[in-house]
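Taking it in order: structure first as structure tokens, then the write-up.
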Amino acid sequence: MSPLIWTNWSGRLEASPLEVARPRTEGDVADIVRRATDSKIRCVGAGHSHAPLVVTDGIVLDVSALDGVLEVDSQRREAIVGGGARISALGNPLREAGLALKNQGDIDRQAIAGAVATGTHGTGPSLQNLSASVAGARIVLADGSTIDCDREREPDLFEVARLSLGAVGVVTRLRLSLRDRYKLEEKMWFEDLDAVLDRIDELCAATRHFEFFWLPGKPRAACKSLEETDADPRIPLEAEGSRLAWSYDVLANERNDKHSEMEYSVPAEHGPDCLRALRSLIASDFPDLAWPLEFRTLAADDVWLSSAYRRPTVTISVHQGVDFDDEALFRACEEIFLGYQGRPHWGKVHYLGGKQLAEIHERWSDWWRVRDHYDPSRRFVNAYLEGLAGP
Ligand SMILES: Cc1cc2nc3c(=O)[nH]c(=O)nc-3n(C[C@H](O)[C@H](O)[C@H](O)COP(=O)(O)OP(=O)(O)OC[C@H]3O[C@@H](n4cnc5c(N)ncnc54)[C@H](O)[C@@H]3O)c2cc1C
């Protein structure tokens with residue numbers, strides 16, 4: 001019998017797990033965790049991470065059947081959703097309840113628990129990542145017990161669960177803090193890159209969301225802004241760049257060309273200089289790079305492992321086509337990012353070890369201490385995370 005092969009979205013990561021388990025209920029999840037006491041367990045969402053978070057020779061647990069918007073509290077502007085729910089499946093039911101996610105990333109294919117587990121974010125200087133909007137979680141722990149946590153109940157577990165890297169248990173439900181539903185109007189234009197960097201604060205402050213893409217070698221950046229509006233949606237949905245619709249229809253894009261990606265978060269004030277340094281590096285050492293860099297903003301938060309932990313942030317992504325060797329490029333970029341106090345995106349490529357991560361993330365050892373308390377035999381830690389564990 002040929003071995004079972006699991007691959008991530010880009011196809012760059014492969015695993016041969018013992019089993020891919022697809023529980024239908026929370027009870028099934030607990031049964032699997034209880035029965036497979038000798039196996040490592042790694043949850044998978046939509047497999048969109050470029051970092052080898054899911055890779056295991058143990059059990060890959062796919063909770064996509066645990067989906068849906070399960071409860072809505074309009075008064076508190078909160079909803080409980082299944083951990084396996086795709087972000088794309090949340091927009092409509094939340095809108096019908098008068099609510100919406102506060103922000104979203106560039107695509108909506110991820111599972112909500114997968115996106116939360118790595119600190120997935122969109123753009124907007126006043127908008128935090130998805131982990132920061134988690135108000136509570138239900139988790140099946142390593143002993144098969146099920147526990148609810150939030151700021152009052154099991155607060156330390158809650159801190160880890162907000163950005164867990166899938167390492168503290170199976171998240172079956174998330175309680176999300178939301179806002180009233182809203183519509184967005186999108187605009188795209190080209191502008192000289194230096195002019196954009198010179199007036200970046202003004203551009204970021206002008207609308208709810210601003211970002212730009214810059215293709216190496218080109219003088220101009222492709223700028224994109226999204227602003228809240230009360231106008232009626234333009235139906236059918238227009239092409240990216242000119243949509244006016246409910247937030248979830250404008251925030252999500254199609255990004256189907258397979259690539260790998262490194263993204264770092266730097267303190268907001270260093271964003272423009274960091275991008276300029278990357279531009280020089282690419283011009284001199286990687287002039288053939290034919291994939292854009294993406295520049296976004298992110299509000300500070302208090303999530304232990306967040307790349308925006310206690311600092312207003314700019315995120316910069318570097319992409320490379322999936323058929324290219326990206327290591328020299330990414331390592332050279334990483335050196336620049338680190339020179340600007342960068343913190344890597346947990347779902348993307350980086351080359352840091354535990355010692356560097358401990359220097360970058362002041363709550364790193366707290367995160368491991370709490371994680372180890374709830375999973376002392378490290379059933380939810382794969383070889384990759386084990387390699388990051390200790391300084
Ligand atoms: C085309 C593309 C566009 C992207 N755009 C953005 C973007 O705009 N912004 C951004 O910040 N990132 C972006 N990313 C990165 C992506 O959002 C993250 O890597 C995210 O974690 C992927 O979600 P997923 O559902 O695919 O999770 P997976 O990659 O499957 O898993 C990620 C982590 O979540 C854990 N996990 C999944 N489900 C559970 C569960 N139920 N319980 C416990 N742990 C769980 C896994 O164990 C793993 O550690 C993008 C990636 C791609 C490929």
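Within each chain, counting starts at residue 1; across the structure tokens, chains are named A, B, ... in the order shown, with ligands numbered 1 upward in that order.
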
Using only C-alpha atoms and all ligand atoms, which protein or nucleic acid residues are at most 6 Å from ligand 1, as a ChimeraX atom specification? /A:42-49,53-54,63,83-84,105-107,110-111,113-115,117-118,120-122,165-166,169-172,255,347

Same residues, N, CA, C and O atoms, saved as a short mmCIF file (atom, residue, chain, number, x, y, z; two decimals), in the first residue's frame:
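This is the output file selection-v2.cif:
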data_model
loop_
_atom_site.label_atom_id
_atom_site.label_comp_id
_atom_site.auth_asym_id
_atom_site.auth_seq_id
_atom_site.Cartn_x
_atom_site.Cartn_y
_atom_site.Cartn_z
N ARG A 42 -1.75 16.66 14.87
CA ARG A 42 -1.68 18.02 14.35
C ARG A 42 -2.99 18.32 13.64
O ARG A 42 -3.41 17.59 12.73
N CYS A 43 -3.64 19.40 14.06
CA CYS A 43 -4.87 19.82 13.39
C CYS A 43 -4.50 20.47 12.06
O CYS A 43 -3.45 21.08 11.92
N VAL A 44 -5.41 20.34 11.11
CA VAL A 44 -5.26 21.07 9.85
C VAL A 44 -6.52 21.89 9.61
O VAL A 44 -7.63 21.44 9.93
N GLY A 45 -6.32 23.10 9.10
CA GLY A 45 -7.45 23.91 8.66
C GLY A 45 -7.56 23.72 7.16
O GLY A 45 -7.93 22.66 6.67
N ALA A 46 -7.18 24.76 6.41
CA ALA A 46 -7.21 24.66 4.95
C ALA A 46 -5.82 24.37 4.38
O ALA A 46 -5.63 24.41 3.16
N GLY A 47 -4.84 24.13 5.24
CA GLY A 47 -3.49 23.79 4.77
C GLY A 47 -2.80 24.93 4.04
O GLY A 47 -1.93 24.71 3.21
N HIS A 48 -3.15 26.18 4.37
CA HIS A 48 -2.59 27.33 3.66
C HIS A 48 -1.31 27.88 4.28
O HIS A 48 -0.80 28.90 3.83
N SER A 49 -0.79 27.23 5.31
CA SER A 49 0.44 27.75 5.91
C SER A 49 1.65 27.29 5.11
O SER A 49 1.71 26.16 4.63
N LEU A 53 3.73 23.56 10.00
CA LEU A 53 2.99 23.43 11.25
C LEU A 53 2.16 22.15 11.32
O LEU A 53 1.98 21.56 12.37
N VAL A 54 1.68 21.73 10.16
CA VAL A 54 0.78 20.56 10.15
C VAL A 54 1.55 19.26 9.95
O VAL A 54 1.08 18.19 10.31
N VAL A 63 -10.88 19.15 11.15
CA VAL A 63 -12.18 19.38 11.81
C VAL A 63 -13.11 20.22 10.93
O VAL A 63 -13.97 20.94 11.44
N GLY A 83 -14.75 25.63 14.84
CA GLY A 83 -13.33 25.86 14.55
C GLY A 83 -12.97 25.53 13.12
O GLY A 83 -12.05 26.12 12.55
N GLY A 84 -13.71 24.60 12.51
CA GLY A 84 -13.39 24.20 11.14
C GLY A 84 -14.05 25.07 10.09
O GLY A 84 -13.82 24.88 8.88
N GLY A 105 -8.11 38.81 6.24
CA GLY A 105 -6.90 38.79 5.42
C GLY A 105 -7.24 38.94 3.95
O GLY A 105 -8.38 39.24 3.56
N ASP A 106 -6.24 38.66 3.16
CA ASP A 106 -6.30 38.86 1.72
C ASP A 106 -7.17 37.82 1.00
O ASP A 106 -7.63 38.04 -0.11
N ILE A 107 -7.31 36.66 1.64
CA ILE A 107 -8.17 35.59 1.10
C ILE A 107 -9.07 35.11 2.23
O ILE A 107 -8.83 35.43 3.40
N GLN A 110 -9.15 30.15 4.42
CA GLN A 110 -8.66 29.50 5.63
C GLN A 110 -9.82 29.07 6.53
O GLN A 110 -10.89 29.66 6.52
N ALA A 111 -9.54 28.04 7.36
CA ALA A 111 -10.45 27.73 8.47
C ALA A 111 -10.23 28.81 9.52
O ALA A 111 -9.11 29.29 9.72
N ALA A 113 -10.19 28.58 12.76
CA ALA A 113 -9.22 28.17 13.81
C ALA A 113 -7.80 28.14 13.26
O ALA A 113 -6.85 28.42 13.99
N GLY A 114 -7.64 27.82 11.99
CA GLY A 114 -6.31 27.83 11.38
C GLY A 114 -5.77 29.24 11.26
O GLY A 114 -4.60 29.51 11.56
N ALA A 115 -6.63 30.17 10.85
CA ALA A 115 -6.20 31.57 10.70
C ALA A 115 -5.84 32.16 12.06
O ALA A 115 -4.82 32.85 12.21
N ALA A 117 -4.88 30.55 14.67
CA ALA A 117 -3.71 29.85 15.27
C ALA A 117 -2.39 30.45 14.83
O ALA A 117 -1.36 30.20 15.48
N THR A 118 -2.36 31.23 13.75
CA THR A 118 -1.10 31.82 13.28
C THR A 118 -1.10 33.35 13.30
O THR A 118 -0.17 33.97 12.80
N THR A 120 -3.29 35.42 11.71
CA THR A 120 -3.63 35.96 10.39
C THR A 120 -4.29 37.35 10.52
O THR A 120 -5.09 37.59 11.42
N HIS A 121 -3.95 38.22 9.59
CA HIS A 121 -4.38 39.62 9.69
C HIS A 121 -4.69 40.18 8.30
O HIS A 121 -4.30 39.61 7.28
N GLY A 122 -5.34 41.34 8.30
CA GLY A 122 -5.54 42.09 7.06
C GLY A 122 -4.71 43.36 7.12
O GLY A 122 -3.57 43.34 7.59
N LEU A 165 -0.68 28.05 17.46
CA LEU A 165 0.11 27.24 16.51
C LEU A 165 -0.39 25.79 16.51
O LEU A 165 0.37 24.87 16.20
N GLY A 166 -1.63 25.59 16.89
CA GLY A 166 -2.20 24.23 16.92
C GLY A 166 -1.59 23.36 17.99
O GLY A 166 -1.73 22.14 17.95
N GLY A 169 -4.12 21.85 21.76
CA GLY A 169 -5.30 21.01 21.70
C GLY A 169 -6.08 21.31 20.43
O GLY A 169 -5.63 22.11 19.60
N VAL A 170 -7.24 20.67 20.34
CA VAL A 170 -8.07 20.85 19.15
C VAL A 170 -9.13 21.92 19.45
O VAL A 170 -9.95 21.75 20.35
N VAL A 171 -9.09 23.00 18.71
CA VAL A 171 -10.06 24.08 18.90
C VAL A 171 -11.33 23.70 18.14
O VAL A 171 -11.34 23.66 16.91
N THR A 172 -12.38 23.39 18.89
CA THR A 172 -13.62 22.97 18.23
C THR A 172 -14.58 24.15 18.03
O THR A 172 -15.43 24.12 17.15
N ARG A 255 -6.34 34.44 -4.88
CA ARG A 255 -4.87 34.39 -4.99
C ARG A 255 -4.49 32.94 -5.32
O ARG A 255 -4.07 32.19 -4.45
N GLY A 347 2.64 31.61 10.05
CA GLY A 347 2.18 30.69 9.00
C GLY A 347 3.04 30.75 7.75
O GLY A 347 2.70 30.14 6.74
#

Do you know which residues are at most 9 Å from range 15-18 of chain A counting only C-alpha atoms, after dropping those on the same chain fewer than 6 positions away, and could you put them as a ChimeraX atom specification? /A:3-8,39,54-60

Selected residues written out with all heavy atoms, as an mmCIF file, in the first residue's frame:
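The resulting file, result_26.cif, is reproduced below:
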data_model
loop_
_atom_site.group_PDB
_atom_site.id
_atom_site.type_symbol
_atom_site.label_atom_id
_atom_site.label_comp_id
_atom_site.auth_asym_id
_atom_site.auth_seq_id
_atom_site.Cartn_x
_atom_site.Cartn_y
_atom_site.Cartn_z
ATOM 1 N N PRO A 3 2.162 4.998 0.786
ATOM 2 C CA PRO A 3 1.934 5.796 2.009
ATOM 3 C C PRO A 3 0.975 6.946 1.748
ATOM 4 O O PRO A 3 0.896 7.465 0.635
ATOM 5 C CB PRO A 3 3.341 6.301 2.350
ATOM 6 C CG PRO A 3 4.104 6.235 1.074
ATOM 7 C CD PRO A 3 3.509 5.149 0.246
ATOM 8 N N LEU A 4 0.252 7.313 2.788
ATOM 9 C CA LEU A 4 -0.663 8.447 2.712
ATOM 10 C C LEU A 4 0.174 9.720 2.602
ATOM 11 O O LEU A 4 1.138 9.907 3.339
ATOM 12 C CB LEU A 4 -1.466 8.466 4.018
ATOM 13 C CG LEU A 4 -2.581 9.460 4.194
ATOM 14 C CD1 LEU A 4 -3.657 9.245 3.139
ATOM 15 C CD2 LEU A 4 -3.180 9.298 5.584
ATOM 16 N N ILE A 5 -0.173 10.566 1.655
ATOM 17 C CA ILE A 5 0.589 11.810 1.499
ATOM 18 C C ILE A 5 -0.335 12.995 1.749
ATOM 19 O O ILE A 5 -1.422 13.080 1.181
ATOM 20 C CB ILE A 5 1.191 11.925 0.080
ATOM 21 C CG1 ILE A 5 2.143 10.773 -0.224
ATOM 22 C CG2 ILE A 5 1.903 13.274 -0.107
ATOM 23 C CD1 ILE A 5 3.437 10.780 0.566
ATOM 24 N N TRP A 6 0.127 13.884 2.616
ATOM 25 C CA TRP A 6 -0.575 15.150 2.824
ATOM 26 C C TRP A 6 0.313 16.269 2.272
ATOM 27 O O TRP A 6 1.526 16.249 2.456
ATOM 28 C CB TRP A 6 -0.820 15.383 4.321
ATOM 29 C CG TRP A 6 -1.399 16.751 4.594
ATOM 30 C CD1 TRP A 6 -2.721 17.094 4.602
ATOM 31 C CD2 TRP A 6 -0.663 17.957 4.850
ATOM 32 N NE1 TRP A 6 -2.858 18.437 4.853
ATOM 33 C CE2 TRP A 6 -1.610 18.989 5.005
ATOM 34 C CE3 TRP A 6 0.688 18.261 4.955
ATOM 35 C CZ2 TRP A 6 -1.250 20.309 5.269
ATOM 36 C CZ3 TRP A 6 1.064 19.584 5.210
ATOM 37 C CH2 TRP A 6 0.096 20.593 5.373
ATOM 38 N N THR A 7 -0.263 17.214 1.539
ATOM 39 C CA THR A 7 0.508 18.380 1.096
ATOM 40 C C THR A 7 -0.229 19.658 1.490
ATOM 41 O O THR A 7 -1.458 19.665 1.601
ATOM 42 C CB THR A 7 0.709 18.418 -0.439
ATOM 43 O OG1 THR A 7 -0.567 18.478 -1.067
ATOM 44 C CG2 THR A 7 1.465 17.214 -0.960
ATOM 45 N N ASN A 8 0.557 20.704 1.662
ATOM 46 C CA ASN A 8 -0.080 21.994 1.970
ATOM 47 C C ASN A 8 -0.550 22.657 0.674
ATOM 48 O O ASN A 8 -0.405 22.102 -0.423
ATOM 49 C CB ASN A 8 0.879 22.909 2.756
ATOM 50 C CG ASN A 8 1.987 23.469 1.882
ATOM 51 O OD1 ASN A 8 2.393 22.849 0.899
ATOM 52 N ND2 ASN A 8 2.489 24.642 2.227
ATOM 53 N N SER A 39 0.198 8.645 19.553
ATOM 54 C CA SER A 39 0.464 9.426 18.331
ATOM 55 C C SER A 39 0.505 10.916 18.604
ATOM 56 O O SER A 39 -0.240 11.430 19.436
ATOM 57 C CB SER A 39 -0.645 9.197 17.301
ATOM 58 O OG SER A 39 -0.725 7.854 16.983
ATOM 59 N N VAL A 54 1.684 21.726 10.164
ATOM 60 C CA VAL A 54 0.776 20.564 10.147
ATOM 61 C C VAL A 54 1.552 19.259 9.954
ATOM 62 O O VAL A 54 1.077 18.188 10.313
ATOM 63 C CB VAL A 54 -0.278 20.751 9.017
ATOM 64 C CG1 VAL A 54 -1.172 19.528 8.885
ATOM 65 C CG2 VAL A 54 -1.121 22.004 9.268
ATOM 66 N N VAL A 55 2.773 19.370 9.427
ATOM 67 C CA VAL A 55 3.552 18.180 9.050
ATOM 68 C C VAL A 55 3.786 17.251 10.247
ATOM 69 O O VAL A 55 4.322 17.675 11.268
ATOM 70 C CB VAL A 55 4.910 18.615 8.441
ATOM 71 C CG1 VAL A 55 5.808 17.411 8.206
ATOM 72 C CG2 VAL A 55 4.669 19.385 7.148
ATOM 73 N N THR A 56 3.375 16.001 10.092
ATOM 74 C CA THR A 56 3.526 15.018 11.165
ATOM 75 C C THR A 56 3.490 13.617 10.586
ATOM 76 O O THR A 56 2.892 13.403 9.525
ATOM 77 C CB THR A 56 2.389 15.156 12.210
ATOM 78 O OG1 THR A 56 2.586 14.196 13.232
ATOM 79 C CG2 THR A 56 1.014 14.943 11.614
ATOM 80 N N ASP A 57 4.126 12.677 11.292
ATOM 81 C CA ASP A 57 3.923 11.272 10.910
ATOM 82 C C ASP A 57 2.868 10.641 11.817
ATOM 83 O O ASP A 57 2.665 9.437 11.814
ATOM 84 C CB ASP A 57 5.245 10.490 10.947
ATOM 85 C CG ASP A 57 5.927 10.583 12.303
ATOM 86 O OD1 ASP A 57 5.307 11.130 13.244
ATOM 87 O OD2 ASP A 57 7.072 10.110 12.423
ATOM 88 N N GLY A 58 2.238 11.453 12.630
ATOM 89 C CA GLY A 58 1.154 10.978 13.495
ATOM 90 C C GLY A 58 -0.197 11.186 12.822
ATOM 91 O O GLY A 58 -0.369 10.889 11.639
ATOM 92 N N ILE A 59 -1.129 11.762 13.573
ATOM 93 C CA ILE A 59 -2.488 11.950 13.045
ATOM 94 C C ILE A 59 -2.693 13.401 12.619
ATOM 95 O O ILE A 59 -2.393 14.322 13.378
ATOM 96 C CB ILE A 59 -3.530 11.569 14.114
ATOM 97 C CG1 ILE A 59 -3.414 10.079 14.428
ATOM 98 C CG2 ILE A 59 -4.936 11.904 13.659
ATOM 99 C CD1 ILE A 59 -4.333 9.622 15.530
ATOM 100 N N VAL A 60 -3.166 13.581 11.397
ATOM 101 C CA VAL A 60 -3.624 14.898 10.966
ATOM 102 C C VAL A 60 -5.133 14.938 11.219
ATOM 103 O O VAL A 60 -5.874 14.073 10.754
ATOM 104 C CB VAL A 60 -3.325 15.145 9.468
ATOM 105 C CG1 VAL A 60 -4.039 16.394 8.978
ATOM 106 C CG2 VAL A 60 -1.817 15.279 9.240
#

DSSP on the backbone, then: every residue of range 88-134 of chain A marked helix (DSSP H, G or I), written as a VMD selection string. chain A and resid 88 to 89 91 to 96 112 to 117 130 to 133

Write out as a PDB file with all heavy atoms, in the first residue's frame each polymer residue whose atoms come within 9 Å of Asp257 in chain A, counting only C-alpha atoms; drop sequence neighbours fewer than 4 positions from it.
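Saved the output as result36.pdb:
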ATOM      1  N   SER A  10       0.507  25.125  -1.165  1.00  0.00           N
ATOM      2  CA  SER A  10       1.478  25.416  -2.228  1.00  0.00           C
ATOM      3  C   SER A  10       2.076  24.152  -2.810  1.00  0.00           C
ATOM      4  O   SER A  10       2.682  24.202  -3.879  1.00  0.00           O
ATOM      5  CB  SER A  10       2.600  26.303  -1.684  1.00  0.00           C
ATOM      6  OG  SER A  10       3.433  25.557  -0.823  1.00  0.00           O
ATOM      7  N   GLY A 321       7.666  32.436  -6.665  1.00  0.00           N
ATOM      8  CA  GLY A 321       6.907  31.377  -7.335  1.00  0.00           C
ATOM      9  C   GLY A 321       7.292  30.017  -6.782  1.00  0.00           C
ATOM     10  O   GLY A 321       8.432  29.799  -6.372  1.00  0.00           O
ATOM     11  N   VAL A 322       6.338  29.117  -6.777  1.00  0.00           N
ATOM     12  CA  VAL A 322       6.525  27.853  -6.075  1.00  0.00           C
ATOM     13  C   VAL A 322       7.587  26.974  -6.742  1.00  0.00           C
ATOM     14  O   VAL A 322       8.179  26.110  -6.095  1.00  0.00           O
ATOM     15  CB  VAL A 322       5.154  27.148  -5.936  1.00  0.00           C
ATOM     16  CG1 VAL A 322       4.738  26.472  -7.214  1.00  0.00           C
ATOM     17  CG2 VAL A 322       5.143  26.214  -4.756  1.00  0.00           C
TER      18      VAL A 322
END

Write out as a PyMOL selection string the residues lying within 12 Å of Asp288 in chain A, counting only C-alpha atoms and excluding same-chain residues fewer than 3 positions away. chain A and resi 215-218+281-285+291-292+320-321+324+329

Just all heavy atoms for this one: save the residues we selected as a tab-separated table (two decimals), in the first residue's frame.
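Resulting contents of selection-v8.tsv:
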chain	number	residue	atom	x	y	z
A	215	LEU	N	6.06	45.74	-7.40
A	215	LEU	CA	6.76	44.73	-8.19
A	215	LEU	C	8.20	45.18	-8.38
A	215	LEU	O	8.44	46.28	-8.91
A	215	LEU	CB	6.05	44.57	-9.54
A	215	LEU	CG	6.44	43.34	-10.35
A	215	LEU	CD1	6.14	42.05	-9.59
A	215	LEU	CD2	5.67	43.34	-11.68
A	216	PRO	N	9.18	44.36	-7.93
A	216	PRO	CA	10.59	44.77	-8.02
A	216	PRO	C	10.95	45.29	-9.41
A	216	PRO	O	10.51	44.73	-10.43
A	216	PRO	CB	11.34	43.48	-7.68
A	216	PRO	CG	10.43	42.79	-6.73
A	216	PRO	CD	9.04	43.06	-7.24
A	217	GLY	N	11.73	46.36	-9.41
A	217	GLY	CA	12.18	46.94	-10.69
A	217	GLY	C	11.25	48.01	-11.20
A	217	GLY	O	11.63	48.81	-12.06
A	218	LYS	N	10.04	48.06	-10.70
A	218	LYS	CA	9.07	49.05	-11.21
A	218	LYS	C	9.13	50.33	-10.38
A	218	LYS	O	9.33	50.28	-9.17
A	218	LYS	CB	7.63	48.49	-11.14
A	218	LYS	CG	7.45	47.20	-11.91
A	218	LYS	CD	7.48	47.46	-13.40
A	218	LYS	CE	7.29	46.15	-14.17
A	218	LYS	NZ	7.74	46.22	-15.55
A	281	LEU	N	18.27	45.60	-1.78
A	281	LEU	CA	18.76	44.22	-1.79
A	281	LEU	C	18.31	43.50	-3.06
A	281	LEU	O	19.10	42.84	-3.75
A	281	LEU	CB	18.20	43.47	-0.57
A	281	LEU	CG	18.38	41.95	-0.62
A	281	LEU	CD1	19.80	41.59	-0.21
A	281	LEU	CD2	17.37	41.23	0.27
A	282	ILE	N	17.04	43.63	-3.38
A	282	ILE	CA	16.50	42.90	-4.54
A	282	ILE	C	17.13	43.43	-5.83
A	282	ILE	O	17.48	42.65	-6.72
A	282	ILE	CB	14.95	42.99	-4.54
A	282	ILE	CG1	14.41	42.18	-3.35
A	282	ILE	CG2	14.37	42.48	-5.86
A	282	ILE	CD1	12.95	42.44	-3.03
A	283	ALA	N	17.30	44.75	-5.91
A	283	ALA	CA	17.90	45.33	-7.13
A	283	ALA	C	19.32	44.79	-7.33
A	283	ALA	O	19.72	44.48	-8.45
A	283	ALA	CB	17.92	46.85	-7.03
A	284	SER	N	20.06	44.63	-6.24
A	284	SER	CA	21.46	44.21	-6.42
A	284	SER	C	21.60	42.70	-6.50
A	284	SER	O	22.37	42.19	-7.30
A	284	SER	CB	22.33	44.78	-5.29
A	284	SER	OG	21.89	44.25	-4.06
A	285	ASP	N	20.84	41.96	-5.69
A	285	ASP	CA	21.10	40.51	-5.58
A	285	ASP	C	20.04	39.62	-6.21
A	285	ASP	O	20.31	38.46	-6.51
A	285	ASP	CB	21.23	40.12	-4.10
A	285	ASP	CG	22.45	40.75	-3.46
A	285	ASP	OD1	23.12	41.57	-4.11
A	285	ASP	OD2	22.74	40.41	-2.29
A	291	TRP	N	7.82	38.59	-8.43
A	291	TRP	CA	6.64	38.56	-7.56
A	291	TRP	C	6.61	39.82	-6.70
A	291	TRP	O	7.67	40.28	-6.27
A	291	TRP	CB	6.68	37.31	-6.67
A	291	TRP	CG	6.24	36.08	-7.41
A	291	TRP	CD1	6.97	35.40	-8.33
A	291	TRP	CD2	4.98	35.43	-7.30
A	291	TRP	NE1	6.24	34.34	-8.81
A	291	TRP	CE2	5.02	34.33	-8.19
A	291	TRP	CE3	3.83	35.65	-6.53
A	291	TRP	CZ2	3.95	33.47	-8.34
A	291	TRP	CZ3	2.76	34.78	-6.68
A	291	TRP	CH2	2.82	33.70	-7.57
A	292	PRO	N	5.42	40.34	-6.42
A	292	PRO	CA	5.34	41.61	-5.68
A	292	PRO	C	5.65	41.48	-4.20
A	292	PRO	O	5.48	40.41	-3.61
A	292	PRO	CB	3.89	42.04	-5.89
A	292	PRO	CG	3.15	40.78	-6.14
A	292	PRO	CD	4.11	39.83	-6.80
A	320	GLN	N	7.66	34.36	-3.68
A	320	GLN	CA	8.43	33.76	-4.77
A	320	GLN	C	7.58	32.62	-5.36
A	320	GLN	O	6.86	31.93	-4.62
A	320	GLN	CB	9.78	33.25	-4.25
A	320	GLN	CG	10.67	32.56	-5.28
A	320	GLN	CD	10.97	33.41	-6.52
A	320	GLN	OE1	10.09	33.64	-7.36
A	320	GLN	NE2	12.21	33.88	-6.67
A	321	GLY	N	7.67	32.44	-6.66
A	321	GLY	CA	6.91	31.38	-7.33
A	321	GLY	C	7.29	30.02	-6.78
A	321	GLY	O	8.43	29.80	-6.37
A	324	PHE	N	10.46	28.06	-7.85
A	324	PHE	CA	11.79	28.66	-7.69
A	324	PHE	C	12.38	28.28	-6.34
A	324	PHE	O	11.64	28.06	-5.38
A	324	PHE	CB	11.70	30.19	-7.77
A	324	PHE	CG	11.35	30.69	-9.14
A	324	PHE	CD1	10.03	30.68	-9.59
A	324	PHE	CD2	12.34	31.16	-9.99
A	324	PHE	CE1	9.70	31.13	-10.85
A	324	PHE	CE2	12.02	31.61	-11.26
A	324	PHE	CZ	10.69	31.59	-11.69
A	329	LEU	N	16.89	34.13	-1.33
A	329	LEU	CA	16.10	35.36	-1.27
A	329	LEU	C	15.55	35.58	0.14
A	329	LEU	O	15.70	36.66	0.73
A	329	LEU	CB	14.95	35.27	-2.29
A	329	LEU	CG	13.86	36.34	-2.17
A	329	LEU	CD1	14.40	37.70	-2.62
A	329	LEU	CD2	12.62	35.97	-3.00

Expressed in Å to a single decimal, how great is the separation between CA of Ala308 in chain A and CA of Glu362 in chain A?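 These atoms are spaced 12.0 Å apart.
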
Do a neighbour search on Ala36 in chain A at 12 Å with only C-alpha atoms, toss out local chain neighbours closer than 6 positions, and write the hits as a ChimeraX atom specification. /A:18-19,21,29-30,58-61,142-144,379-380

Deliver the residues from the most recent selection as a file, using N, CA and C atoms, as an mmCIF file, in the first residue's frame.
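Result file out35.cif:
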data_model
loop_
_atom_site.group_PDB
_atom_site.id
_atom_site.type_symbol
_atom_site.label_atom_id
_atom_site.label_comp_id
_atom_site.auth_asym_id
_atom_site.auth_seq_id
_atom_site.Cartn_x
_atom_site.Cartn_y
_atom_site.Cartn_z
ATOM 1 N N LEU A 18 0.168 8.979 9.676
ATOM 2 C CA LEU A 18 -0.423 7.657 9.946
ATOM 3 C C LEU A 18 -1.863 7.625 9.464
ATOM 4 N N GLU A 19 -2.539 8.743 9.660
ATOM 5 C CA GLU A 19 -3.980 8.805 9.397
ATOM 6 C C GLU A 19 -4.391 10.265 9.236
ATOM 7 N N ALA A 21 -7.681 12.018 10.104
ATOM 8 C CA ALA A 21 -8.968 11.748 10.764
ATOM 9 C C ALA A 21 -9.910 12.920 10.527
ATOM 10 N N VAL A 29 -13.978 14.060 18.170
ATOM 11 C CA VAL A 29 -12.629 14.610 18.379
ATOM 12 C C VAL A 29 -12.056 14.036 19.673
ATOM 13 N N ALA A 30 -12.873 14.078 20.732
ATOM 14 C CA ALA A 30 -12.405 13.582 22.033
ATOM 15 C C ALA A 30 -12.064 12.091 21.941
ATOM 16 N N GLY A 58 2.238 11.453 12.630
ATOM 17 C CA GLY A 58 1.154 10.978 13.495
ATOM 18 C C GLY A 58 -0.197 11.186 12.822
ATOM 19 N N ILE A 59 -1.129 11.762 13.573
ATOM 20 C CA ILE A 59 -2.488 11.950 13.045
ATOM 21 C C ILE A 59 -2.693 13.401 12.619
ATOM 22 N N VAL A 60 -3.166 13.581 11.397
ATOM 23 C CA VAL A 60 -3.624 14.898 10.966
ATOM 24 C C VAL A 60 -5.133 14.938 11.219
ATOM 25 N N LEU A 61 -5.561 15.914 11.990
ATOM 26 C CA LEU A 61 -6.968 15.995 12.386
ATOM 27 C C LEU A 61 -7.640 17.146 11.642
ATOM 28 N N ALA A 142 -5.187 17.232 25.521
ATOM 29 C CA ALA A 142 -4.435 16.002 25.243
ATOM 30 C C ALA A 142 -5.013 14.775 25.951
ATOM 31 N N ASP A 143 -5.712 14.966 27.074
ATOM 32 C CA ASP A 143 -6.297 13.810 27.777
ATOM 33 C C ASP A 143 -7.719 13.513 27.292
ATOM 34 N N GLY A 144 -8.171 14.222 26.272
ATOM 35 C CA GLY A 144 -9.499 13.981 25.710
ATOM 36 C C GLY A 144 -10.593 14.784 26.400
ATOM 37 N N ARG A 379 1.866 15.989 22.989
ATOM 38 C CA ARG A 379 1.171 15.273 21.906
ATOM 39 C C ARG A 379 0.833 16.203 20.747
ATOM 40 N N PHE A 380 0.652 17.493 21.059
ATOM 41 C CA PHE A 380 0.279 18.445 19.990
ATOM 42 C C PHE A 380 1.486 19.225 19.462
#

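Using only C-alpha atoms, the nearest neighbour of Arg34 in chain A within the list A:Ser306, A:Ala252, A:Ser145, A:Gln341 is A:Ser145.
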
For each of A:Glu26, A:Asp198, A:Glu386, A:Asp326, take the minimum atom-to-atom distance to Thr146 in chain A, counting only C-alpha atoms, then give the residue where this is smallest.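 Nearest candidate to Thr146 in chain A out of A:Glu26, A:Asp198, A:Glu386, A:Asp326: A:Glu26.
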
Please identify which residues in range 244-371 of chain A DSSP calls strand (DSSP E or B) from the backbone, and express them as a PyMOL selection string. chain A and resi 244-246+259-267+293-298+301+309+313-321+343-344
